[in-house]
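Coordinates from input_25.csv are shown below (CSV, C-alpha atoms (C1' of nucleotides)).
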chain,number,residue,atom,x,y,z
N,90,MET,CA,0.0,0.0,0.0
N,91,ASP,CA,2.6,2.5,-1.0
N,92,TYR,CA,3.4,4.7,-4.0
N,93,SER,CA,6.3,5.4,-6.3
N,94,ILE,CA,7.6,8.9,-6.8
N,95,LYS,CA,5.8,8.9,-10.2
N,96,GLN,CA,2.4,8.1,-8.7
N,97,ILE,CA,2.9,10.8,-6.0
N,98,SER,CA,4.0,13.2,-8.7
N,99,GLU,CA,0.7,12.6,-10.4
N,100,LYS,CA,-1.4,12.8,-7.3
N,101,THR,CA,0.2,16.0,-6.0
N,102,ASN,CA,1.0,17.7,-9.3
N,103,LEU,CA,4.5,18.1,-8.2
N,104,LYS,CA,7.2,16.8,-10.6
N,105,ALA,CA,9.5,14.1,-9.4
N,106,HIS,CA,12.5,16.3,-9.2
N,107,VAL,CA,10.5,18.8,-7.1
N,108,LEU,CA,9.6,16.0,-4.7
N,109,ARG,CA,13.3,15.1,-4.4
N,110,TYR,CA,14.2,18.8,-4.0
N,111,TYR,CA,11.7,19.2,-1.2
N,112,GLU,CA,13.1,16.1,0.5
N,113,LYS,CA,16.6,17.5,0.1
N,114,GLU,CA,15.5,20.8,1.6
N,115,GLY,CA,14.1,19.0,4.7
N,116,LEU,CA,10.4,19.1,4.0
N,117,LEU,CA,10.1,15.4,3.9
N,118,PRO,CA,12.5,13.8,6.3
N,119,PHE,CA,10.4,10.7,6.8
N,120,ILE,CA,10.1,9.0,3.4
N,121,ASN,CA,10.9,5.3,3.5
N,122,ARG,CA,13.0,3.5,1.0
N,123,SER,CA,12.9,0.1,-0.4
N,124,ALA,CA,15.9,-2.2,0.3
N,125,SER,CA,17.4,-0.9,-3.0
N,126,GLY,CA,17.0,2.7,-2.0
N,127,ILE,CA,13.9,3.6,-4.0
N,128,ARG,CA,11.4,6.0,-2.4
N,129,ARG,CA,8.2,4.4,-1.2
N,130,TYR,CA,5.5,7.0,-0.2
N,131,SER,CA,2.9,5.9,2.3
N,132,GLU,CA,-0.6,7.2,2.7
N,133,SER,CA,0.5,9.4,5.6
N,134,ASP,CA,3.3,10.8,3.5
N,135,LEU,CA,0.7,11.8,1.0
N,136,GLU,CA,-1.3,13.6,3.8
N,137,TRP,CA,1.9,15.4,4.8
N,138,LEU,CA,2.3,16.5,1.3
N,139,GLY,CA,-1.2,17.8,1.4
N,140,LEU,CA,-0.4,20.0,4.3
N,141,ILE,CA,2.9,21.1,2.7
N,142,CYS,CA,1.1,22.1,-0.5
N,143,CYS,CA,-1.5,23.9,1.5
N,144,LEU,CA,1.1,26.0,3.2
N,145,LYS,CA,2.9,26.6,-0.1
N,146,ASN,CA,-0.3,27.6,-1.8
N,147,THR,CA,-0.8,30.2,0.9
N,148,GLY,CA,2.6,31.6,0.3
N,149,MET,CA,4.7,30.1,3.1
N,150,SER,CA,8.3,29.8,2.2
N,151,ILE,CA,10.2,26.5,1.9
N,152,LYS,CA,12.3,27.5,4.8
N,153,GLN,CA,9.3,28.2,7.1
N,154,ILE,CA,7.7,24.9,6.1
N,155,LYS,CA,10.9,23.2,7.0
N,156,ASP,CA,10.9,24.7,10.4
N,157,PHE,CA,7.3,23.5,10.8
N,158,VAL,CA,8.3,20.0,9.8
N,159,GLU,CA,11.2,20.0,12.1
N,160,LEU,CA,8.9,20.9,15.0
N,161,SER,CA,6.6,18.1,14.0
N,162,MET,CA,9.4,15.6,14.1
N,163,ARG,CA,10.1,16.5,17.7
N,164,GLY,CA,6.6,15.2,18.7
N,165,GLY,CA,3.8,16.2,20.9
N,166,GLU,CA,5.7,18.7,23.0
N,167,THR,CA,5.8,21.1,20.0
N,168,LEU,CA,2.1,20.9,19.3
N,169,LYS,CA,1.4,24.3,20.9
N,170,GLN,CA,4.2,25.9,18.9
N,171,ARG,CA,2.9,24.4,15.7
N,172,CYS,CA,-0.6,25.6,16.4
N,173,ASP,CA,0.7,29.1,17.0
N,174,MET,CA,2.7,29.0,13.9
N,175,LEU,CA,-0.3,28.0,11.8
N,176,ILE,CA,-2.5,30.7,13.4
N,177,GLU,CA,0.2,33.3,12.8
N,178,HIS,CA,0.4,32.2,9.2
N,179,GLN,CA,-3.3,32.4,8.9
N,180,LYS,CA,-3.3,35.9,10.2
N,181,ASN,CA,-0.6,37.0,7.8
N,182,VAL,CA,-2.4,35.6,4.9
N,183,GLU,CA,-5.7,37.2,6.0
N,184,SER,CA,-4.0,40.6,6.3
N,185,GLN,CA,-2.4,40.2,2.9
N,186,ILE,CA,-5.8,39.5,1.4
N,187,ALA,CA,-7.2,42.6,3.2
N,188,GLU,CA,-4.4,44.7,1.9
N,189,MET,CA,-4.9,43.4,-1.6
N,190,GLN,CA,-8.6,44.2,-1.5
N,191,LYS,CA,-7.8,47.7,-0.4
N,192,HIS,CA,-5.4,48.2,-3.3
N,193,LEU,CA,-8.0,46.6,-5.6
N,194,GLN,CA,-10.4,49.4,-4.7
N,195,LYS,CA,-7.9,51.9,-6.1
N,196,VAL,CA,-7.7,49.9,-9.3
N,197,ALA,CA,-11.5,50.0,-9.5
N,198,HIS,CA,-11.3,53.8,-9.1
N,199,LYS,CA,-8.7,54.1,-11.8
N,200,ILE,CA,-10.9,52.0,-14.1
N,201,LYS,CA,-13.8,54.4,-13.5
N,202,TYR,CA,-11.5,57.3,-14.4
N,203,PHE,CA,-10.2,55.6,-17.5
N,204,THR,CA,-13.6,54.6,-18.7
N,205,ALA,CA,-14.8,58.2,-18.3
N,206,GLN,CA,-11.8,59.4,-20.3
N,207,TYR,CA,-12.6,56.9,-23.0
N,208,GLU,CA,-16.2,58.0,-23.3
N,209,LYS,CA,-15.1,61.6,-23.5
N,210,TYR,CA,-12.6,60.7,-26.2
N,211,LEU,CA,-15.4,59.0,-28.2
N,212,ALA,CA,-17.7,62.0,-27.8
N,213,ASP,CA,-15.0,64.4,-28.9
N,214,LYS,CA,-14.2,62.4,-31.9
N,215,SER,CA,-17.8,62.4,-33.2
A,69,MET,CA,7.4,73.3,-8.6
A,70,ASP,CA,9.3,70.1,-9.1
A,71,TYR,CA,10.8,67.4,-6.9
A,72,SER,CA,14.2,65.8,-6.5
A,73,ILE,CA,14.5,62.0,-6.5
A,74,LYS,CA,14.9,62.0,-2.8
A,75,GLN,CA,11.7,64.0,-2.3
A,76,ILE,CA,9.8,61.6,-4.6
A,77,SER,CA,11.4,58.7,-2.7
A,78,GLU,CA,9.9,60.0,0.5
A,79,LYS,CA,6.5,60.6,-1.0
A,80,THR,CA,6.2,57.2,-2.7
A,81,ASN,CA,8.1,55.1,-0.2
A,82,LEU,CA,10.2,53.8,-3.2
A,83,LYS,CA,13.9,54.1,-2.7
A,84,ALA,CA,15.9,56.2,-5.1
A,85,HIS,CA,17.5,53.3,-6.7
A,86,VAL,CA,14.1,51.7,-7.3
A,87,LEU,CA,12.9,54.9,-9.0
A,88,ARG,CA,16.0,54.8,-11.3
A,89,TYR,CA,15.4,51.1,-11.9
A,90,TYR,CA,11.7,51.6,-12.8
A,91,GLU,CA,12.8,54.4,-15.2
A,92,LYS,CA,15.4,52.1,-16.8
A,93,GLU,CA,12.8,49.4,-17.2
A,94,GLY,CA,10.5,51.8,-19.1
A,95,LEU,CA,8.0,52.5,-16.4
A,96,LEU,CA,8.7,56.3,-16.4
A,97,PRO,CA,9.7,57.4,-19.9
A,98,PHE,CA,8.8,61.0,-19.3
A,99,ILE,CA,10.9,62.2,-16.4
A,100,ASN,CA,12.6,65.6,-17.2
A,101,ARG,CA,16.2,66.3,-16.4
A,102,SER,CA,18.1,69.5,-15.4
A,103,ALA,CA,20.8,70.8,-17.7
A,104,SER,CA,23.3,68.7,-15.8
A,105,GLY,CA,21.3,65.5,-16.1
A,106,ILE,CA,19.6,65.4,-12.7
A,107,ARG,CA,16.0,64.1,-12.5
A,108,ARG,CA,13.3,66.6,-11.9
A,109,TYR,CA,9.9,65.1,-11.1
A,110,SER,CA,6.7,67.0,-11.8
A,111,GLU,CA,3.3,66.8,-10.1
A,112,SER,CA,2.0,64.7,-12.9
A,113,ASP,CA,5.0,62.3,-12.7
A,114,LEU,CA,4.0,61.8,-9.1
A,115,GLU,CA,0.4,61.0,-10.1
A,116,TRP,CA,1.8,58.4,-12.6
A,117,LEU,CA,3.8,56.9,-9.8
A,118,GLY,CA,0.6,56.6,-7.9
A,119,LEU,CA,-0.9,54.5,-10.6
A,120,ILE,CA,2.2,52.5,-11.0
A,121,CYS,CA,2.3,51.7,-7.3
A,122,CYS,CA,-1.3,50.8,-7.4
A,123,LEU,CA,-0.7,48.2,-10.1
A,124,LYS,CA,2.4,46.9,-8.4
A,125,ASN,CA,0.6,46.6,-5.1
A,126,THR,CA,-2.0,44.4,-6.8
A,127,GLY,CA,0.7,42.2,-8.2
A,128,MET,CA,1.1,43.4,-11.8
A,129,SER,CA,4.5,42.7,-13.1
A,130,ILE,CA,7.0,45.4,-14.2
A,131,LYS,CA,6.7,44.1,-17.7
A,132,GLN,CA,3.0,44.5,-17.9
A,133,ILE,CA,3.1,47.9,-16.3
A,134,LYS,CA,5.6,48.8,-18.9
A,135,ASP,CA,3.2,47.7,-21.6
A,136,PHE,CA,0.5,49.8,-20.0
A,137,VAL,CA,2.8,52.9,-19.9
A,138,GLU,CA,3.7,52.4,-23.5
A,139,LEU,CA,0.1,52.3,-24.5
A,140,SER,CA,-0.5,55.5,-22.5
A,141,MET,CA,2.3,57.2,-24.4
A,142,ARG,CA,0.5,56.5,-27.6
A,143,GLY,CA,-2.4,58.7,-26.6
A,144,GLY,CA,-6.2,58.6,-26.7
A,145,GLU,CA,-6.5,56.0,-29.4
A,146,THR,CA,-5.3,53.3,-26.8
A,147,LEU,CA,-7.7,54.3,-24.1
A,148,LYS,CA,-10.0,51.4,-24.8
A,149,GLN,CA,-7.2,48.9,-24.7
A,150,ARG,CA,-6.0,50.4,-21.4
A,151,CYS,CA,-9.4,50.1,-19.9
A,152,ASP,CA,-9.6,46.5,-21.0
A,153,MET,CA,-6.2,45.8,-19.5
A,154,LEU,CA,-7.1,47.2,-16.2
A,155,ILE,CA,-10.4,45.3,-16.1
A,156,GLU,CA,-8.6,42.1,-17.0
A,157,HIS,CA,-6.1,42.8,-14.2
A,158,GLN,CA,-8.9,43.4,-11.8
A,159,LYS,CA,-10.5,40.1,-12.6
A,160,ASN,CA,-7.2,38.3,-12.2
A,161,VAL,CA,-6.6,39.8,-8.8
A,162,GLU,CA,-10.1,38.9,-7.7
A,163,SER,CA,-9.7,35.3,-8.7
A,164,GLN,CA,-6.4,35.2,-7.0
A,165,ILE,CA,-8.0,36.4,-3.8
A,166,ALA,CA,-10.7,33.8,-4.2
A,167,GLU,CA,-8.1,31.1,-4.7
A,168,MET,CA,-6.2,32.2,-1.7
A,169,GLN,CA,-9.3,32.2,0.5
A,170,LYS,CA,-10.0,28.6,-0.6
A,171,HIS,CA,-6.5,27.6,0.4
A,172,LEU,CA,-6.9,29.5,3.6
A,173,GLN,CA,-9.9,27.4,4.5
A,174,LYS,CA,-7.7,24.3,4.4
A,175,VAL,CA,-5.3,26.0,6.7
A,176,ALA,CA,-8.1,26.8,9.1
A,177,HIS,CA,-9.1,23.2,9.0
A,178,LYS,CA,-5.6,22.1,9.8
A,179,ILE,CA,-5.5,24.5,12.7
A,180,LYS,CA,-8.7,22.9,14.1
A,181,TYR,CA,-7.1,19.5,13.7
A,182,PHE,CA,-3.8,20.5,15.4
A,183,THR,CA,-5.7,22.3,18.2
A,184,ALA,CA,-7.7,19.2,18.9
A,185,GLN,CA,-4.4,17.2,18.9
A,186,TYR,CA,-2.9,19.6,21.4
A,187,GLU,CA,-5.9,19.4,23.7
A,188,LYS,CA,-5.7,15.6,23.6
A,189,TYR,CA,-2.0,15.8,24.3
A,190,LEU,CA,-2.6,18.0,27.4
A,191,ALA,CA,-5.4,15.7,28.6
A,192,ASP,CA,-3.2,12.6,28.2
A,193,LYS,CA,-0.4,14.2,30.1
A,194,SER,CA,-2.5,15.0,33.2
X,54,DG,C1',17.4,-9.1,-21.6
X,55,DT,C1',16.0,-4.9,-22.4
X,56,DA,C1',13.6,-0.8,-21.7
X,57,DA,C1',11.6,2.2,-18.5
X,58,DA,C1',11.9,4.0,-14.1
X,59,DC,C1',14.6,4.9,-10.4
X,60,DC,C1',18.8,6.6,-7.9
X,61,DT,C1',22.9,10.2,-6.8
X,62,DT,C1',25.8,14.4,-7.0
X,63,DA,C1',26.9,18.4,-8.9
X,64,DA,C1',26.7,22.2,-11.3
X,65,DC,C1',24.7,25.5,-14.4
X,66,DG,C1',20.5,28.2,-16.0
X,67,DT,C1',16.2,31.0,-15.1
X,68,DT,C1',13.1,34.7,-13.5
X,69,DA,C1',11.7,38.7,-11.0
X,70,DA,C1',12.6,42.6,-8.7
X,71,DC,C1',15.5,44.5,-6.7
X,72,DT,C1',20.4,45.7,-4.3
X,73,DT,C1',25.0,46.8,-4.2
X,74,DT,C1',29.3,48.4,-5.9
X,75,DA,C1',32.5,51.2,-8.1
X,76,DG,C1',33.7,55.2,-9.9
X,77,DG,C1',32.4,59.2,-11.0
X,78,DT,C1',29.8,64.4,-11.3
X,79,DC,C1',27.0,68.1,-9.2
X,80,DA,C1',25.2,71.4,-5.8
X,81,DA,C1',24.9,73.7,-1.5
X,82,DT,C1',27.4,75.7,2.1
X,83,DA,C1',31.0,77.2,5.5
J,145,DT,C1',37.4,77.2,-2.3
J,146,DA,C1',37.0,73.0,-0.1
J,147,DT,C1',34.2,69.8,1.5
J,148,DT,C1',30.1,67.2,2.0
J,149,DG,C1',26.0,65.2,0.6
J,150,DA,C1',23.1,64.3,-3.3
J,151,DC,C1',23.1,62.8,-7.7
J,152,DC,C1',24.6,60.1,-11.9
J,153,DT,C1',25.8,55.5,-14.7
J,154,DA,C1',26.8,50.8,-15.7
J,155,DA,C1',27.2,46.5,-14.3
J,156,DA,C1',27.6,42.9,-11.2
J,157,DG,C1',25.4,40.5,-7.2
J,158,DT,C1',21.3,38.6,-4.5
J,159,DT,C1',17.3,35.7,-3.4
J,160,DA,C1',13.8,32.1,-3.8
J,161,DA,C1',12.3,28.3,-5.8
J,162,DC,C1',12.9,25.9,-8.8
J,163,DG,C1',14.4,24.0,-13.9
J,164,DT,C1',17.8,21.6,-16.7
J,165,DT,C1',21.5,18.9,-17.9
J,166,DA,C1',24.9,15.7,-17.3
J,167,DA,C1',27.1,11.6,-16.0
J,168,DG,C1',27.0,7.5,-14.3
J,169,DG,C1',24.8,3.9,-12.0
J,170,DT,C1',20.9,0.4,-10.2
J,171,DT,C1',16.3,-1.7,-10.3
J,172,DT,C1',12.0,-3.3,-11.9
J,173,DA,C1',8.6,-5.0,-15.1
J,174,DC,C1',7.6,-7.5,-19.0
Would you mind writing the structure in this file as structure tokens?
Amino acid sequence: MDYSIKQISEKTNLKAHVLRYYEKEGLLPFINRSASGIRRYSESDLEWLGLICCLKNTGMSIKQIKDFVELSMRGGETLKQRCDMLIEHQKNVESQIAEMQKHLQKVAHKIKYFTAQYEKYLADKS
Amino acid sequence: MDYSIKQISEKTNLKAHVLRYYEKEGLLPFINRSASGIRRYSESDLEWLGLICCLKNTGMSIKQIKDFVELSMRGGETLKQRCDMLIEHQKNVESQIAEMQKHLQKVAHKIKYFTAQYEKYLADKS
DNA sequence: GTAAACCTTAACGTTAACTTTAGGTCAATA
DNA sequence: TATTGACCTAAAGTTAACGTTAAGGTTTAC
């Protein structure tokens, strides 16, 4: 009940060399190998990858994800720290979104302005 | 009634070297110079910088902003194109935000999960 | 047995948006 | 007039997160 790197690549949409790269960077320090050294991903590895992608997708850097993974490897005593880290991250992303929405309002305003200009231009031409 | 690069730097929160960089990249093809070659920014240059920052803040690339500026330099005949470009950009940003919010929900879910784990850990310890 | 998939290390290439450096010139002031 | 701080240019350096290529080797599936 385990997966090859290719299968995982398909399931996660991460190319094989990216999976190896993530492993090298310390994001996946728990992948088992077959006797001959071939990576064998378990169901729980796949779940981990889910979390990693989730953090990546919300803009967390590889380095920070690595820190998170390292905490996880230290067991239950770091659970509080990890919760805090995720909550902090959540806050950051939320405020980024809020910022973006604020800036977006300015864009909307500019669009109004340009649209008016365009209408004036059309009127002047006729 | 014009400004030095330092004054503009303070007004826009863009460092002087960034202003020069933007100019080199074609984002500001209209800045006047003194006889000795020193940049003199006008009030309207400052307004342009406002629009440029607005686009930057919403994630538009330097290259795209350059394209927008180039259209602008061609005058009224490109107004429609520019409107369309801004509207397209607005849509992109909105869908980016939506995506982000979707991913954020997953993070929230993970937080719930980790918090539960943490409470269980505390209960087991006592 | 052979072809496809996997492994490693290592190094070079890429992109965006700066940032820094080096070596000057210019302007305000004491 | 000397000095200091602001300005100029061109070009190289930086960072993150990969992407690419190479070179050489092992393993697995049919």
| said: At a cut-off of 7 Å, which residues of chain N touch chain A? Count all atoms listed in the file and give the answer as a PyMOL selection string. | reply: chain N and resi 143+146-147+165+168-169+172+175-176+186+189+192-193+195-196+200+203-204+207+210
Residues from the last selection, C-alpha atoms, saved as a PDB file, keeping the file's coordinate frame:
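See selection_9.pdb below for the written result:
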ATOM      1  CA  CYS N 143      -1.500  23.900   1.500  1.00  0.00           C
ATOM      2  CA  ASN N 146      -0.300  27.600  -1.800  1.00  0.00           C
ATOM      3  CA  THR N 147      -0.800  30.200   0.900  1.00  0.00           C
ATOM      4  CA  GLY N 165       3.800  16.200  20.900  1.00  0.00           C
ATOM      5  CA  LEU N 168       2.100  20.900  19.300  1.00  0.00           C
ATOM      6  CA  LYS N 169       1.400  24.300  20.900  1.00  0.00           C
ATOM      7  CA  CYS N 172      -0.600  25.600  16.400  1.00  0.00           C
ATOM      8  CA  LEU N 175      -0.300  28.000  11.800  1.00  0.00           C
ATOM      9  CA  ILE N 176      -2.500  30.700  13.400  1.00  0.00           C
ATOM     10  CA  ILE N 186      -5.800  39.500   1.400  1.00  0.00           C
ATOM     11  CA  MET N 189      -4.900  43.400  -1.600  1.00  0.00           C
ATOM     12  CA  HIS N 192      -5.400  48.200  -3.300  1.00  0.00           C
ATOM     13  CA  LEU N 193      -8.000  46.600  -5.600  1.00  0.00           C
ATOM     14  CA  LYS N 195      -7.900  51.900  -6.100  1.00  0.00           C
ATOM     15  CA  VAL N 196      -7.700  49.900  -9.300  1.00  0.00           C
ATOM     16  CA  ILE N 200     -10.900  52.000 -14.100  1.00  0.00           C
ATOM     17  CA  PHE N 203     -10.200  55.600 -17.500  1.00  0.00           C
ATOM     18  CA  THR N 204     -13.600  54.600 -18.700  1.00  0.00           C
ATOM     19  CA  TYR N 207     -12.600  56.900 -23.000  1.00  0.00           C
ATOM     20  CA  TYR N 210     -12.600  60.700 -26.200  1.00  0.00           C
TER      21      TYR N 210
END
| message | Near chain A, meaning an atom within 12 Å, which residues of chain J appear when counting only C-alpha atoms (C1' of nucleotides)? Write them as a PyMOL selection string. | response | chain J and resi 150-154
Now that the selection is made, can you save its residues with C-alpha atoms (C1' of nucleotides) as a PDB file, in the coordinates of the input?
ATOM      1  C1'  DA J 150      23.100  64.300  -3.300  1.00  0.00           C
ATOM      2  C1'  DC J 151      23.100  62.800  -7.700  1.00  0.00           C
ATOM      3  C1'  DC J 152      24.600  60.100 -11.900  1.00  0.00           C
ATOM      4  C1'  DT J 153      25.800  55.500 -14.700  1.00  0.00           C
ATOM      5  C1'  DA J 154      26.800  50.800 -15.700  1.00  0.00           C
TER       6       DA J 154
END
| message | Taking all atoms listed in the file into account and nothing else, which residues of chain X lie no more than 10 Å away from chain N? Please answer as a PyMOL selection string. | response | chain X and resi 58-60
Any chance you could dump chain A, least-squares fitted to chain N on all C-alpha atoms in order, as a compact mmCIF listing (two decimals) with C-alpha atoms, keeping the file's coordinate frame?
# COMPACT_ATOMS: atom_id res chain seq x y z
CA MET A 69 0.34 -0.16 -0.27
CA ASP A 70 2.87 2.44 -1.24
CA TYR A 71 3.40 4.84 -4.12
CA SER A 72 6.19 5.60 -6.55
CA ILE A 73 7.33 9.20 -7.05
CA LYS A 74 5.49 9.37 -10.28
CA GLN A 75 2.23 8.25 -8.66
CA ILE A 76 2.66 10.86 -5.90
CA SER A 77 3.49 13.42 -8.61
CA GLU A 78 0.15 12.75 -10.23
CA LYS A 79 -1.77 12.89 -6.99
CA THR A 80 -0.20 16.13 -5.73
CA ASN A 81 0.32 17.88 -9.03
CA LEU A 82 4.01 18.41 -7.93
CA LYS A 83 6.53 17.26 -10.45
CA ALA A 84 8.98 14.58 -9.49
CA HIS A 85 11.84 16.88 -9.37
CA VAL A 86 9.93 19.21 -7.04
CA LEU A 87 9.22 16.28 -4.70
CA ARG A 88 12.99 15.46 -4.64
CA TYR A 89 13.75 19.15 -4.12
CA TYR A 90 11.28 19.49 -1.20
CA GLU A 91 12.86 16.35 0.34
CA LYS A 92 16.36 17.83 -0.06
CA GLU A 93 15.22 21.04 1.54
CA GLY A 94 13.96 19.14 4.61
CA LEU A 95 10.28 19.26 3.93
CA LEU A 96 9.92 15.41 3.85
CA PRO A 97 12.47 13.86 6.20
CA PHE A 98 10.57 10.64 6.54
CA ILE A 99 10.23 9.17 3.08
CA ASN A 100 11.21 5.41 3.03
CA ARG A 101 13.38 3.92 0.36
CA SER A 102 13.52 0.44 -1.28
CA ALA A 103 16.65 -1.64 -0.87
CA SER A 104 17.99 -0.07 -4.04
CA GLY A 105 17.37 3.49 -2.91
CA ILE A 106 14.09 4.24 -4.69
CA ARG A 107 11.48 6.38 -2.88
CA ARG A 108 8.44 4.66 -1.59
CA TYR A 109 5.68 6.99 -0.39
CA SER A 110 3.15 5.87 2.19
CA GLU A 111 -0.44 7.01 2.77
CA SER A 112 0.68 9.16 5.61
CA ASP A 113 3.46 10.77 3.51
CA LEU A 114 0.71 11.75 1.13
CA GLU A 115 -1.32 13.33 3.95
CA TRP A 116 1.84 15.32 4.95
CA LEU A 117 2.13 16.49 1.39
CA GLY A 118 -1.40 17.69 1.68
CA LEU A 119 -0.49 19.89 4.56
CA ILE A 120 2.63 21.05 2.92
CA CYS A 121 0.74 22.07 -0.21
CA CYS A 122 -1.79 23.80 1.88
CA LEU A 123 0.87 25.98 3.50
CA LYS A 124 2.60 26.61 0.22
CA ASN A 125 -0.65 27.57 -1.44
CA THR A 126 -1.16 30.21 1.26
CA GLY A 127 2.28 31.58 0.64
CA MET A 128 4.40 30.07 3.43
CA SER A 129 7.96 29.83 2.45
CA ILE A 130 9.91 26.53 2.13
CA LYS A 131 12.02 27.61 5.03
CA GLN A 132 9.16 28.11 7.37
CA ILE A 133 7.50 24.91 6.30
CA LYS A 134 10.74 23.24 7.04
CA ASP A 135 10.71 24.70 10.52
CA PHE A 136 7.18 23.43 10.97
CA VAL A 137 8.17 19.88 9.82
CA GLU A 138 11.08 19.89 12.17
CA LEU A 139 8.89 20.79 15.06
CA SER A 140 6.50 17.98 14.06
CA MET A 141 9.38 15.52 14.12
CA ARG A 142 10.00 16.40 17.70
CA GLY A 143 6.64 15.05 18.76
CA GLY A 144 3.77 16.06 21.03
CA GLU A 145 5.72 18.45 23.17
CA THR A 146 5.78 20.96 20.14
CA LEU A 147 2.11 20.77 19.43
CA LYS A 148 1.41 24.08 21.08
CA GLN A 149 4.13 25.83 19.16
CA ARG A 150 2.79 24.32 15.92
CA CYS A 151 -0.66 25.54 16.65
CA ASP A 152 0.68 29.00 17.35
CA MET A 153 2.62 28.96 14.11
CA LEU A 154 -0.33 28.06 12.07
CA ILE A 155 -2.51 30.70 13.74
CA GLU A 156 0.18 33.30 13.16
CA HIS A 157 0.33 32.22 9.50
CA GLN A 158 -3.39 32.48 9.22
CA LYS A 159 -3.38 36.01 10.52
CA ASN A 160 -0.62 36.98 8.13
CA VAL A 161 -2.49 35.63 5.15
CA GLU A 162 -5.63 37.42 6.21
CA SER A 163 -3.89 40.74 6.49
CA GLN A 164 -2.28 40.16 3.19
CA ILE A 165 -5.67 39.61 1.62
CA ALA A 166 -6.92 42.75 3.29
CA GLU A 167 -3.97 44.70 1.96
CA MET A 168 -4.50 43.39 -1.48
CA GLN A 169 -8.19 44.30 -1.47
CA LYS A 170 -7.24 47.87 -0.47
CA HIS A 171 -4.86 48.07 -3.40
CA LEU A 172 -7.48 46.55 -5.60
CA GLN A 173 -9.84 49.37 -4.77
CA LYS A 174 -7.33 51.83 -6.23
CA VAL A 175 -7.21 49.77 -9.34
CA ALA A 176 -10.97 49.85 -9.59
CA HIS A 177 -10.83 53.57 -9.24
CA LYS A 178 -8.31 53.84 -12.01
CA ILE A 179 -10.49 51.70 -14.21
CA LYS A 180 -13.42 54.12 -13.63
CA TYR A 181 -11.13 57.00 -14.52
CA PHE A 182 -9.79 55.35 -17.72
CA THR A 183 -13.32 54.27 -18.74
CA ALA A 184 -14.55 57.81 -18.41
CA GLN A 185 -11.51 58.94 -20.49
CA TYR A 186 -12.36 56.44 -23.19
CA GLU A 187 -15.99 57.52 -23.33
CA LYS A 188 -14.87 61.14 -23.69
CA TYR A 189 -12.45 60.10 -26.38
CA LEU A 190 -15.24 58.34 -28.36
CA ALA A 191 -17.57 61.33 -27.90
CA ASP A 192 -14.89 63.77 -29.12
CA LYS A 193 -14.19 61.68 -32.15
CA SER A 194 -17.82 61.63 -33.37
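A straight line drawn from atom C1' of J:DA155 to atom C1' of X:DA70 is 16.1 Å long.
Here atom CA of N:Ile154 stands at a distance of 15.7 Å from atom CA of N:Leu135.
Picture a line from atom CA of N:Trp137 to atom C1' of J:DT170; it runs 28.5 Å.
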| said: Need the shell around A:Lys134: protein/DNA/RNA residues with any atom at most 8 Å away, counting all atoms listed in the file. Skip same-chain ones fewer than 5 positions apart. Format as a PyMOL selection string? | reply: chain A and resi 93-95
| field | Given all atoms listed in the file as the counted atoms, nearest of A:Asp113, A:Asp70, A:Glu156, A:Asp192 to A:Gln132 | value | A:Glu156
| Nearest to N:Leu138 among N:Asn181, N:Ser123, N:Ser150, N:Ser98, with distances taken over all atoms listed in the file: which residue is it? |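 Selected residue with least distance to N:Leu138: N:Ser98.
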